[in-house]
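Coordinates as given in model.cif (mmCIF, C-alpha atoms and all ligand atoms):
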```cif
data_input
loop_
_atom_site.label_atom_id
_atom_site.label_comp_id
_atom_site.auth_asym_id
_atom_site.auth_seq_id
_atom_site.Cartn_x
_atom_site.Cartn_y
_atom_site.Cartn_z
CA GLU E 29 -8.62 11.33 31.17
CA ALA E 30 -6.04 10.85 28.46
CA LYS E 31 -3.04 11.98 30.51
CA ALA E 32 -3.72 9.56 33.31
CA LEU E 33 -3.59 6.69 30.85
CA GLY E 34 0.05 7.28 30.09
CA LYS E 35 2.02 8.96 27.40
CA ASN E 36 1.66 6.42 24.61
CA ARG E 37 -1.95 5.43 25.05
CA MET E 38 -4.21 6.32 22.18
CA VAL E 39 -7.71 7.69 22.49
CA ARG E 40 -10.60 7.78 20.08
CA TYR E 41 -11.65 10.87 18.19
CA VAL E 42 -15.21 9.76 17.53
CA PRO E 43 -18.07 12.22 17.62
CA GLY E 44 -21.73 11.42 18.29
CA MET E 45 -23.87 10.91 15.19
CA ALA E 46 -25.55 14.33 15.30
CA GLU E 47 -22.26 16.16 15.46
CA ALA E 48 -20.53 14.04 12.87
CA ALA E 49 -20.51 16.49 9.96
CA GLN E 50 -19.41 19.50 12.02
CA CYS E 51 -16.85 17.37 13.79
CA GLU E 52 -15.42 16.15 10.52
CA ALA E 53 -14.91 19.73 9.38
CA ASP E 54 -13.41 20.62 12.77
CA LEU E 55 -11.19 17.58 12.66
CA LEU E 56 -9.79 18.50 9.25
CA GLN E 57 -9.18 22.08 10.32
CA ASP E 58 -7.49 20.91 13.54
CA LEU E 59 -5.47 18.36 11.60
CA ALA E 60 -4.22 20.92 9.09
CA ALA E 61 -3.10 23.12 11.99
CA ALA E 62 -1.64 20.14 13.81
CA THR E 63 0.40 19.18 10.76
CA ARG E 64 1.94 22.64 10.70
CA SER E 65 2.41 23.09 14.45
CA GLY E 66 4.25 19.88 15.19
CA GLN E 67 1.48 17.80 16.81
CA LEU E 68 2.11 14.86 14.53
CA GLU E 69 4.56 12.18 15.62
CA VAL E 70 6.11 9.22 13.91
CA HIS E 71 6.30 6.00 15.90
CA TYR E 72 8.40 3.07 14.76
CA GLN E 73 7.67 -0.63 14.92
CA PRO E 74 10.47 -3.15 14.33
CA THR E 75 10.51 -5.77 11.58
CA ILE E 76 12.29 -8.96 12.59
CA ASP E 77 14.33 -11.41 10.55
CA LEU E 78 12.88 -14.69 11.83
CA ALA E 79 16.04 -16.60 10.96
CA ASP E 80 18.14 -14.80 13.59
CA GLY E 81 15.67 -12.67 15.55
CA ARG E 82 17.39 -9.42 14.68
CA THR E 83 15.68 -6.17 13.80
CA THR E 84 16.15 -5.46 10.12
CA GLY E 85 14.23 -2.21 10.08
CA TYR E 86 11.16 -0.32 11.22
CA GLU E 87 7.76 0.69 9.90
CA ALA E 88 6.90 4.36 10.38
CA LEU E 89 3.39 4.88 11.77
CA VAL E 90 1.93 8.35 12.24
CA ARG E 91 0.11 9.52 15.39
CA TRP E 92 -1.50 12.78 16.36
CA ARG E 93 -0.56 14.11 19.79
CA HIS E 94 -3.80 16.04 20.32
CA PRO E 95 -3.54 18.65 23.09
CA GLY E 96 -6.90 17.74 24.63
CA ARG E 97 -7.44 14.19 23.52
CA GLY E 98 -4.12 12.44 23.87
CA LEU E 99 -2.56 10.20 21.25
CA VAL E 100 -4.93 9.77 18.30
CA PRO E 101 -4.36 6.70 16.07
CA PRO E 102 -4.11 7.05 12.27
CA ALA E 103 -7.38 5.20 11.67
CA GLU E 104 -9.13 8.21 13.25
CA PHE E 105 -7.71 10.80 10.85
CA ILE E 106 -5.90 9.27 7.84
CA PRO E 107 -9.17 8.36 6.03
CA GLN E 108 -10.37 11.97 6.35
CA ALA E 109 -6.96 13.30 5.34
CA GLU E 110 -7.04 10.96 2.35
CA ALA E 111 -10.47 12.21 1.27
CA SER E 112 -9.48 15.87 1.61
CA GLY E 113 -6.01 15.57 0.08
CA LEU E 114 -4.28 16.71 3.28
CA VAL E 115 -2.65 13.26 3.38
CA VAL E 116 -0.18 14.42 0.73
CA GLU E 117 1.27 17.02 3.08
CA ILE E 118 1.16 14.69 6.09
CA GLY E 119 2.74 11.86 4.11
CA ARG E 120 5.57 14.04 2.90
CA TRP E 121 6.34 15.05 6.47
CA VAL E 122 6.26 11.43 7.67
CA LEU E 123 8.56 10.42 4.83
CA GLU E 124 11.09 13.13 5.68
CA ARG E 125 11.04 12.29 9.41
CA ALA E 126 11.23 8.53 8.91
CA VAL E 127 13.96 8.55 6.29
CA SER E 128 16.17 10.89 8.33
CA GLN E 129 15.62 8.68 11.38
CA ALA E 130 16.68 5.60 9.38
CA ALA E 131 19.76 7.48 8.15
CA ALA E 132 20.62 8.40 11.76
CA TRP E 133 20.17 4.80 12.99
CA THR E 134 22.27 3.54 10.09
CA ALA E 135 25.08 5.94 10.98
CA GLU E 136 24.79 5.02 14.67
CA THR E 137 24.80 1.25 14.20
CA GLY E 138 26.91 0.86 11.07
CA ARG E 139 24.15 -1.47 9.86
CA PRO E 140 21.73 -0.76 7.02
CA ILE E 141 18.55 -0.09 9.04
CA GLY E 142 15.53 -0.31 6.76
CA ILE E 143 12.52 1.96 6.94
CA ALA E 144 9.02 1.27 5.63
CA VAL E 145 6.65 4.17 5.01
CA ASN E 146 2.96 3.82 4.13
CA LEU E 147 1.94 5.52 0.90
CA SER E 148 -1.77 6.18 0.42
CA PRO E 149 -3.53 6.10 -2.97
CA ARG E 150 -3.79 9.89 -2.98
CA GLN E 151 -0.07 10.27 -2.29
CA LEU E 152 0.81 7.89 -5.10
CA SER E 153 -1.29 9.88 -7.55
CA ASP E 154 0.41 13.13 -6.52
CA ASP E 155 2.47 14.29 -9.51
CA ASP E 156 5.45 15.17 -7.31
CA VAL E 157 5.71 11.87 -5.45
CA VAL E 158 8.72 10.47 -7.34
CA THR E 159 10.59 13.78 -7.16
CA VAL E 160 9.83 14.09 -3.45
CA VAL E 161 11.09 10.59 -2.65
CA ALA E 162 14.24 11.15 -4.70
CA ARG E 163 14.88 14.47 -2.94
CA VAL E 164 14.38 13.04 0.55
CA LEU E 165 16.83 10.22 -0.21
CA ALA E 166 19.37 12.67 -1.59
CA ASP E 167 18.96 15.08 1.36
CA THR E 168 19.38 12.37 4.00
CA GLY E 169 21.90 10.19 2.17
CA LEU E 170 19.89 7.04 2.89
CA PRO E 171 20.58 4.40 0.22
CA ALA E 172 17.36 3.92 -1.78
CA GLY E 173 17.37 0.17 -1.12
CA GLN E 174 16.81 0.83 2.58
CA LEU E 175 13.46 2.53 1.90
CA THR E 176 10.30 0.47 1.40
CA LEU E 177 7.05 2.13 0.39
CA GLU E 178 3.94 0.20 1.48
CA VAL E 179 0.81 0.34 -0.66
CA THR E 180 -2.55 -1.39 -0.47
CA GLU E 181 -4.99 -2.51 -3.11
CA GLY E 182 -6.55 0.95 -2.80
CA VAL E 183 -3.96 2.32 -5.23
CA LEU E 184 -5.56 0.21 -7.97
CA LEU E 185 -9.00 1.66 -7.30
CA ARG E 186 -7.85 4.94 -8.78
CA ASP E 187 -6.04 5.07 -12.13
CA VAL E 188 -4.42 1.64 -12.53
CA ASP E 189 -1.95 2.57 -15.27
CA GLU E 190 -0.91 5.68 -13.40
CA ALA E 191 -0.37 3.70 -10.19
CA VAL E 192 1.64 1.00 -11.94
CA GLY E 193 3.75 3.64 -13.73
CA ARG E 194 4.43 5.53 -10.48
CA LEU E 195 5.44 2.38 -8.64
CA ALA E 196 7.76 1.44 -11.49
CA ALA E 197 9.33 4.91 -11.38
CA LEU E 198 9.82 4.63 -7.61
CA ARG E 199 11.39 1.22 -8.04
CA ALA E 200 13.68 2.66 -10.69
CA LEU E 201 15.06 4.90 -7.92
CA GLY E 202 16.00 1.70 -6.11
CA VAL E 203 13.20 1.95 -3.54
CA ARG E 204 11.37 -1.26 -2.59
CA ILE E 205 7.59 -1.61 -2.88
CA ALA E 206 5.58 -3.65 -0.39
CA ILE E 207 2.03 -4.85 -0.85
CA ASP E 208 0.45 -4.16 2.54
CA ASP E 209 -2.48 -6.02 4.15
CA PHE E 210 -2.19 -8.81 1.59
CA GLY E 211 -5.20 -11.10 1.39
CA THR E 212 -7.79 -8.60 2.62
CA GLY E 213 -8.70 -6.99 -0.71
CA TYR E 214 -11.29 -8.01 -3.23
CA SER E 215 -8.73 -8.98 -5.83
CA SER E 216 -5.47 -9.89 -4.16
CA MET E 217 -4.35 -11.96 -7.14
CA ALA E 218 -5.17 -9.17 -9.56
CA TYR E 219 -3.04 -6.64 -7.74
CA LEU E 220 -0.25 -9.11 -7.29
CA ARG E 221 -0.29 -9.51 -11.07
CA ARG E 222 -0.44 -5.80 -11.83
CA LEU E 223 1.69 -4.15 -9.16
CA PRO E 224 5.46 -4.15 -9.39
CA ALA E 225 6.49 -5.26 -5.89
CA ASP E 226 9.34 -6.58 -3.78
CA VAL E 227 7.66 -7.43 -0.49
CA LEU E 228 4.39 -9.08 0.48
CA LYS E 229 2.93 -8.31 3.89
CA ILE E 230 0.46 -10.92 5.08
CA ASP E 231 -2.42 -9.21 6.84
CA ARG E 232 -2.78 -9.57 10.59
CA SER E 233 -6.26 -11.11 10.23
CA PHE E 234 -4.68 -14.28 8.81
CA VAL E 235 -1.76 -14.32 11.24
CA GLN E 236 -4.12 -14.00 14.22
CA ASP E 237 -5.52 -17.52 13.81
CA LEU E 238 -2.21 -19.22 13.05
CA GLY E 239 -1.96 -22.54 14.83
CA SER E 240 -5.51 -22.39 16.20
CA ASP E 241 -7.34 -22.47 12.88
CA GLY E 242 -6.24 -24.98 10.25
CA ARG E 243 -7.69 -22.98 7.39
CA SER E 244 -5.81 -19.79 8.26
CA THR E 245 -2.62 -21.78 8.69
CA THR E 246 -3.06 -23.29 5.22
CA LEU E 247 -3.77 -19.86 3.74
CA VAL E 248 -0.68 -18.32 5.34
CA ALA E 249 1.42 -21.27 4.15
CA SER E 250 0.18 -20.68 0.59
CA MET E 251 0.85 -16.96 0.78
CA ILE E 252 4.40 -17.62 1.93
CA GLU E 253 4.86 -20.11 -0.90
CA LEU E 254 3.33 -17.67 -3.37
CA ALA E 255 5.72 -14.94 -2.27
CA ARG E 256 8.66 -17.30 -2.57
CA SER E 257 7.66 -18.38 -6.08
CA LEU E 258 7.36 -14.77 -7.16
CA GLY E 259 10.69 -13.85 -5.60
CA LEU E 260 9.11 -11.55 -3.01
CA GLU E 261 10.22 -11.08 0.56
CA VAL E 262 7.42 -11.93 2.98
CA VAL E 263 6.48 -10.22 6.25
CA ALA E 264 3.85 -11.62 8.60
CA GLU E 265 1.96 -8.73 10.26
CA GLY E 266 0.54 -8.61 13.76
CA VAL E 267 2.39 -11.48 15.47
CA GLU E 268 1.29 -11.41 19.09
CA THR E 269 1.89 -14.89 20.52
CA PRO E 270 4.80 -17.34 20.78
CA GLN E 271 2.52 -19.92 19.14
CA GLN E 272 2.05 -17.75 16.02
CA HIS E 273 5.79 -17.16 16.02
CA ALA E 274 6.50 -20.89 16.16
CA VAL E 275 4.13 -21.71 13.32
CA LEU E 276 5.70 -19.00 11.16
CA GLY E 277 9.07 -20.61 11.88
CA ASP E 278 7.73 -24.00 10.74
CA LEU E 279 6.41 -22.37 7.56
CA ALA E 280 9.85 -20.80 6.95
CA CYS E 281 8.42 -17.28 6.89
CA SER E 282 11.37 -14.89 6.54
CA HIS E 283 10.19 -11.76 8.38
CA ALA E 284 7.62 -10.70 10.95
CA GLN E 285 6.23 -7.72 12.75
CA GLY E 286 3.96 -7.54 15.77
CA TYR E 287 3.52 -6.73 19.43
CA LEU E 288 5.42 -9.92 20.36
CA PHE E 289 8.60 -8.36 18.97
CA GLY E 290 7.91 -4.70 19.57
CA ARG E 291 5.18 -2.10 19.62
CA PRO E 292 5.23 1.11 17.62
CA LEU E 293 7.07 3.65 19.82
CA PRO E 294 8.85 6.98 19.38
CA ALA E 295 12.41 6.68 18.04
CA PRO E 296 14.25 7.19 21.35
CA ALA E 297 12.43 4.19 22.87
CA HIS E 298 14.10 1.90 20.35
CA ASP E 299 17.63 0.61 20.52
CA PRO E 300 18.77 -0.65 17.12
CA VAL E 301 22.34 -0.66 18.43
CA GLY E 302 21.53 -3.05 21.27
CA ASP E 303 19.10 -4.87 19.01
CA MET E 304 16.69 -6.13 21.64
CA PRO E 305 13.40 -6.71 19.89
CA SER E 306 11.98 -9.86 21.41
CA GLY E 307 10.02 -8.38 24.25
CA ALA E 308 12.76 -9.38 26.70
CA VAL E 309 12.42 -5.94 28.19
CA PRO E 310 8.83 -4.98 28.97
CA GLU E 311 7.84 -2.12 26.72
CA PRO E 312 5.43 0.69 27.35
CA ARG E 313 2.06 -0.09 25.83
CA GLU E 314 0.48 1.99 23.15
CA GLU E 315 -3.21 1.32 22.95
CA VAL E 316 -6.43 2.70 21.63
CA ALA E 317 -8.60 3.65 24.58
CA ALA E 318 -12.11 5.03 24.69
CA LEU E 319 -12.46 8.59 25.98
P1 LIG E 401 -0.62 -0.82 8.48
O1 LIG E 401 0.29 -0.13 7.54
O2 LIG E 401 -1.10 -2.18 8.09
O3 LIG E 401 0.14 -0.86 9.88
C1 LIG E 401 0.07 -1.91 10.80
C2 LIG E 401 -0.89 -1.59 11.92
O4 LIG E 401 -1.02 -2.73 12.77
C3 LIG E 401 -0.43 -0.46 12.81
O5 LIG E 401 -1.59 0.21 13.31
C4 LIG E 401 0.25 -1.21 13.96
O6 LIG E 401 0.31 -0.48 15.16
C5 LIG E 401 -0.66 -2.39 14.09
N1 LIG E 401 -0.01 -3.55 14.68
C6 LIG E 401 1.28 -3.94 14.56
N2 LIG E 401 1.52 -5.09 15.22
C7 LIG E 401 0.36 -5.43 15.81
C8 LIG E 401 -0.05 -6.54 16.64
O7 LIG E 401 0.73 -7.43 16.99
N3 LIG E 401 -1.35 -6.56 17.04
C9 LIG E 401 -2.26 -5.60 16.67
N4 LIG E 401 -3.49 -5.71 17.13
N5 LIG E 401 -1.90 -4.56 15.88
C10 LIG E 401 -0.62 -4.48 15.45
P2 LIG E 401 -1.68 1.80 13.32
O8 LIG E 401 -0.36 2.39 13.67
O9 LIG E 401 -2.87 2.16 14.12
O10 LIG E 401 -1.92 2.13 11.80
C11 LIG E 401 -3.10 1.74 11.14
C12 LIG E 401 -3.03 2.03 9.67
O11 LIG E 401 -2.96 3.45 9.42
C13 LIG E 401 -1.77 1.47 9.01
O12 LIG E 401 -1.93 0.08 8.77
C14 LIG E 401 -1.72 2.30 7.75
O13 LIG E 401 -2.62 1.81 6.78
C15 LIG E 401 -2.24 3.66 8.24
N6 LIG E 401 -1.09 4.56 8.48
C16 LIG E 401 -0.30 4.65 9.57
N7 LIG E 401 0.65 5.60 9.39
C17 LIG E 401 0.46 6.12 8.16
C18 LIG E 401 1.11 7.14 7.38
O14 LIG E 401 2.11 7.75 7.79
N8 LIG E 401 0.59 7.39 6.13
C19 LIG E 401 -0.49 6.71 5.65
N9 LIG E 401 -0.93 7.03 4.41
N10 LIG E 401 -1.12 5.75 6.32
C20 LIG E 401 -0.65 5.45 7.58
MG MG E 402 1.91 -0.64 6.55
MG MG E 403 -0.21 -3.64 7.12
MG MG E 404 -2.93 -3.42 8.21
#
```
Show the structure stored in the file as structure tokens.
Amino acid sequence: EAKALGKNRMVRYVPGMAEAAQCEADLLQDLAAATRSGQLEVHYQPTIDLADGRTTGYEALVRWRHPGRGLVPPAEFIPQAEASGLVVEIGRWVLERAVSQAAAWTAETGRPIGIAVNLSPRQLSDDDVVTVVARVLADTGLPAGQLTLEVTEGVLLRDVDEAVGRLAALRALGVRIAIDDFGTGYSSMAYLRRLPADVLKIDRSFVQDLGSDGRSTTLVASMIELARSLGLEVVAEGVETPQQHAVLGDLACSHAQGYLFGRPLPAPAHDPVGDMPSGAVPEPREEVAAL
């Protein structure tokens, strides 16, 4: 029972095989309605400057507060929304919410709180994307340099020239571009060469084995060095243990994100003013749970 598991626990939205097709149609219909009736939520996960342990900003992560099923994680509906095109509408809403939240935190703290928003391939190929981003920045007053748009190699699987052109246009607004999940794609070097970017996010799968597996440690060290050589900021994703944290310190990694520092939570659960990211205060858990 979803409710009994607590407010921020996530549950799966996975149908049995026989019902898969009907369920997929139902899911999309429900999701379209959910988007319009306020069932989507944005949760925020802090990004930490490893040099001083302070929160520099947050990544916006969408969740679906399903009336019967509890908190549904994005992996259960973003792929379907991407395939159907509904992701454009969802993404626009997330962008508006997240950027106004960052503007509010900035006003509250007097510090430039950054916000990172994930941009799917379909969103990037939407003709209005640059106009929409420019309008949201203008409406909220957030300085463009405080917004980072995160893209994955998936944007190169569509029209490469279009993707590169769009990212350049977004950067021309002053927005930063991050390459998300770095190292997991088929051609990480190719997209690093093609995509105009400012930030490299090292995928959690590499960070996981830091310190325990020599190979992963070497790979992460090279990625950090690669980012430095290219003049990119680097963020290690999915830091969960003090040991991973320590190794990242040894490797002079500049930024990190992960449960060790803070889980994705609704905006009011965060305190950018007090700036207490390091798990000193036990935080409510947000987890995927089976129904
Ligand atoms: P991502 O952009 O790579 O986001 C990081 C994911 O790793 C998030 O999962 C986050 O909750 C999780 N994570 C962070 N730290 C840790 C950790 O220490 N340990 C573990 N095990 N996991 C950690 P989440 O929120 O389920 O999002 C999954 C993916 O869904 C995201 O991956 C992103 O690709 C996509 N997504 C989320 N929100 C949006 C959105 O608004 N728009 C689009 N297009 N995609 C989104
Ligand atoms: Mg991301
Ligand atoms: Mg990522
Ligand atoms: Mg990821």
If the limit is 10 Å from any atom of ligand MG 402 (chain E), counting only C-alpha atoms and all ligand atoms, which residues qualify? Return them as a tab-separated table (two decimals) with C-alpha atoms, keeping the file's coordinate frame.
```tsv
chain	number	residue	atom	x	y	z
E	87	GLU	CA	7.76	0.69	9.90
E	88	ALA	CA	6.90	4.36	10.38
E	89	LEU	CA	3.39	4.88	11.77
E	144	ALA	CA	9.02	1.27	5.63
E	145	VAL	CA	6.65	4.17	5.01
E	146	ASN	CA	2.96	3.82	4.13
E	147	LEU	CA	1.94	5.52	0.90
E	148	SER	CA	-1.77	6.18	0.42
E	176	THR	CA	10.30	0.47	1.40
E	177	LEU	CA	7.05	2.13	0.39
E	178	GLU	CA	3.94	0.20	1.48
E	179	VAL	CA	0.81	0.34	-0.66
E	180	THR	CA	-2.55	-1.39	-0.47
E	206	ALA	CA	5.58	-3.65	-0.39
E	207	ILE	CA	2.03	-4.85	-0.85
E	208	ASP	CA	0.45	-4.16	2.54
E	209	ASP	CA	-2.48	-6.02	4.15
E	229	LYS	CA	2.93	-8.31	3.89
E	231	ASP	CA	-2.42	-9.21	6.84
E	265	GLU	CA	1.96	-8.73	10.26
```
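The nearest approach to ligand LIG 401 (chain E) among the residues E:Glu136, E:Glu181, E:Asp226, E:Asp299, with only C-alpha atoms and all ligand atoms taken into account, belongs to E:Glu181.
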### Task
Would you kindly identify which residues have an atom no farther than 10 Å from (4.4, 3.0, -8.6), using all atoms listed in the file and the file's own coordinates, and write them out as a VMD selection string?
chain E and resid 152 to 153 157 to 158 177 179 183 188 to 200 205 223 to 225
Resulting file, chosen residues, C-alpha atoms, as a PDB file, keeping the file's coordinate frame:
```
ATOM      1  CA  LEU E 152       0.810   7.890  -5.100  1.00  0.00           C
ATOM      2  CA  SER E 153      -1.290   9.880  -7.550  1.00  0.00           C
ATOM      3  CA  VAL E 157       5.710  11.870  -5.450  1.00  0.00           C
ATOM      4  CA  VAL E 158       8.720  10.470  -7.340  1.00  0.00           C
ATOM      5  CA  LEU E 177       7.050   2.130   0.390  1.00  0.00           C
ATOM      6  CA  VAL E 179       0.810   0.340  -0.660  1.00  0.00           C
ATOM      7  CA  VAL E 183      -3.960   2.320  -5.230  1.00  0.00           C
ATOM      8  CA  VAL E 188      -4.420   1.640 -12.530  1.00  0.00           C
ATOM      9  CA  ASP E 189      -1.950   2.570 -15.270  1.00  0.00           C
ATOM     10  CA  GLU E 190      -0.910   5.680 -13.400  1.00  0.00           C
ATOM     11  CA  ALA E 191      -0.370   3.700 -10.190  1.00  0.00           C
ATOM     12  CA  VAL E 192       1.640   1.000 -11.940  1.00  0.00           C
ATOM     13  CA  GLY E 193       3.750   3.640 -13.730  1.00  0.00           C
ATOM     14  CA  ARG E 194       4.430   5.530 -10.480  1.00  0.00           C
ATOM     15  CA  LEU E 195       5.440   2.380  -8.640  1.00  0.00           C
ATOM     16  CA  ALA E 196       7.760   1.440 -11.490  1.00  0.00           C
ATOM     17  CA  ALA E 197       9.330   4.910 -11.380  1.00  0.00           C
ATOM     18  CA  LEU E 198       9.820   4.630  -7.610  1.00  0.00           C
ATOM     19  CA  ARG E 199      11.390   1.220  -8.040  1.00  0.00           C
ATOM     20  CA  ALA E 200      13.680   2.660 -10.690  1.00  0.00           C
ATOM     21  CA  ILE E 205       7.590  -1.610  -2.880  1.00  0.00           C
ATOM     22  CA  LEU E 223       1.690  -4.150  -9.160  1.00  0.00           C
ATOM     23  CA  PRO E 224       5.460  -4.150  -9.390  1.00  0.00           C
ATOM     24  CA  ALA E 225       6.490  -5.260  -5.890  1.00  0.00           C
TER      25      ALA E 225
END
```
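Nearest to E:Arg221 of all the residues E:Ala103, E:Leu258, E:Val235, E:Val248 is E:Leu258, based on all atoms listed in the file.
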### Task
Name the residues in contact with E:Gly211 at a cut-off of 9 Å, using only C-alpha atoms, excluding same-chain residues fewer than 6 positions from it; report them as a list in words.
Met217, Lys229, Ile230, Asp231, Ser233, Phe234 and Met251 of chain E
Since we have the selection now, will you write its residues out, keeping C-alpha atoms, as an mmCIF file, keeping the file's coordinate frame?
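See out-v6.cif below for the written result:
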```cif
data_model
loop_
_atom_site.group_PDB
_atom_site.id
_atom_site.type_symbol
_atom_site.label_atom_id
_atom_site.label_comp_id
_atom_site.auth_asym_id
_atom_site.auth_seq_id
_atom_site.Cartn_x
_atom_site.Cartn_y
_atom_site.Cartn_z
ATOM 1 C CA MET E 217 -4.350 -11.960 -7.140
ATOM 2 C CA LYS E 229 2.930 -8.310 3.890
ATOM 3 C CA ILE E 230 0.460 -10.920 5.080
ATOM 4 C CA ASP E 231 -2.420 -9.210 6.840
ATOM 5 C CA SER E 233 -6.260 -11.110 10.230
ATOM 6 C CA PHE E 234 -4.680 -14.280 8.810
ATOM 7 C CA MET E 251 0.850 -16.960 0.780
#
```
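Put simply, atom CA of E:Leu288 is 10.4 Å away from atom CA of E:Pro74.
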### Task
Write out as a PyMOL selection string the residues lying within 12 Å of E:Ala53, counting all atoms listed in the file and excluding same-chain residues fewer than 2 positions away.
chain E and resi 43+47-51+55-60+105+108-109+111-112
### Task
Identify which of the residues E:Ala130, E:Pro95, E:Ser215, E:Thr75 lies closest to ligand MG 403 (chain E), counting only C-alpha atoms and all ligand atoms when measuring atom-to-atom distances.
E:Thr75
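Those residues that approach E:Gln67 to within 9 Å, counting only C-alpha atoms, are Leu59, Ala61, Ala62, Thr63, Arg64, Ser65, Glu69, Arg91, Trp92, Arg93, His94 and Pro95 of chain E; same-chain residues fewer than 2 positions away are not listed.
Nearest residue to ligand MG 404 (chain E), choosing from E:Pro270, E:Gly113, E:Gly302, E:Gly286 and counting only C-alpha atoms and all ligand atoms: E:Gly286.
Here atom CA of E:Thr269 and atom CA of E:Glu104 stand 26.6 Å from one another.
With only the atoms specified (all atoms listed in the file) counting, those residues at most 6 Å away from (5.4, -8.2, 22.0) are Glu268, Tyr287, Leu288, Phe289, Gly290 and Gly307 of chain E.
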Rebuild N, CA and C atoms on stretch 84-95 of chain E, as a compact mmCIF listing (two decimals), in the frame of the given file?
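Done, and the output landed in selection_17.txt:
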```
# COMPACT_ATOMS: atom_id res chain seq x y z
N THR E 84 15.58 -5.88 11.40
CA THR E 84 16.15 -5.46 10.12
C THR E 84 15.75 -4.03 9.77
N GLY E 85 14.67 -3.57 10.38
CA GLY E 85 14.23 -2.21 10.08
C GLY E 85 12.96 -1.90 10.86
N TYR E 86 12.34 -0.80 10.49
CA TYR E 86 11.16 -0.32 11.22
C TYR E 86 10.10 0.17 10.24
N GLU E 87 8.83 0.05 10.66
CA GLU E 87 7.76 0.69 9.90
C GLU E 87 7.39 1.99 10.61
N ALA E 88 7.28 3.06 9.85
CA ALA E 88 6.90 4.36 10.38
C ALA E 88 5.38 4.44 10.43
N LEU E 89 4.84 4.79 11.60
CA LEU E 89 3.39 4.88 11.77
C LEU E 89 3.07 6.22 12.42
N VAL E 90 2.21 6.99 11.76
CA VAL E 90 1.93 8.35 12.24
C VAL E 90 0.91 8.36 13.37
N ARG E 91 1.06 9.27 14.31
CA ARG E 91 0.11 9.52 15.39
C ARG E 91 -0.07 11.02 15.55
N TRP E 92 -1.22 11.37 16.12
CA TRP E 92 -1.50 12.78 16.36
C TRP E 92 -1.56 13.02 17.86
N ARG E 93 -0.60 13.77 18.36
CA ARG E 93 -0.56 14.11 19.79
C ARG E 93 -1.50 15.29 19.98
N HIS E 94 -2.77 15.00 20.20
CA HIS E 94 -3.80 16.04 20.32
C HIS E 94 -3.73 16.66 21.71
N PRO E 95 -3.73 18.01 21.78
CA PRO E 95 -3.54 18.65 23.09
C PRO E 95 -4.61 18.26 24.11
```
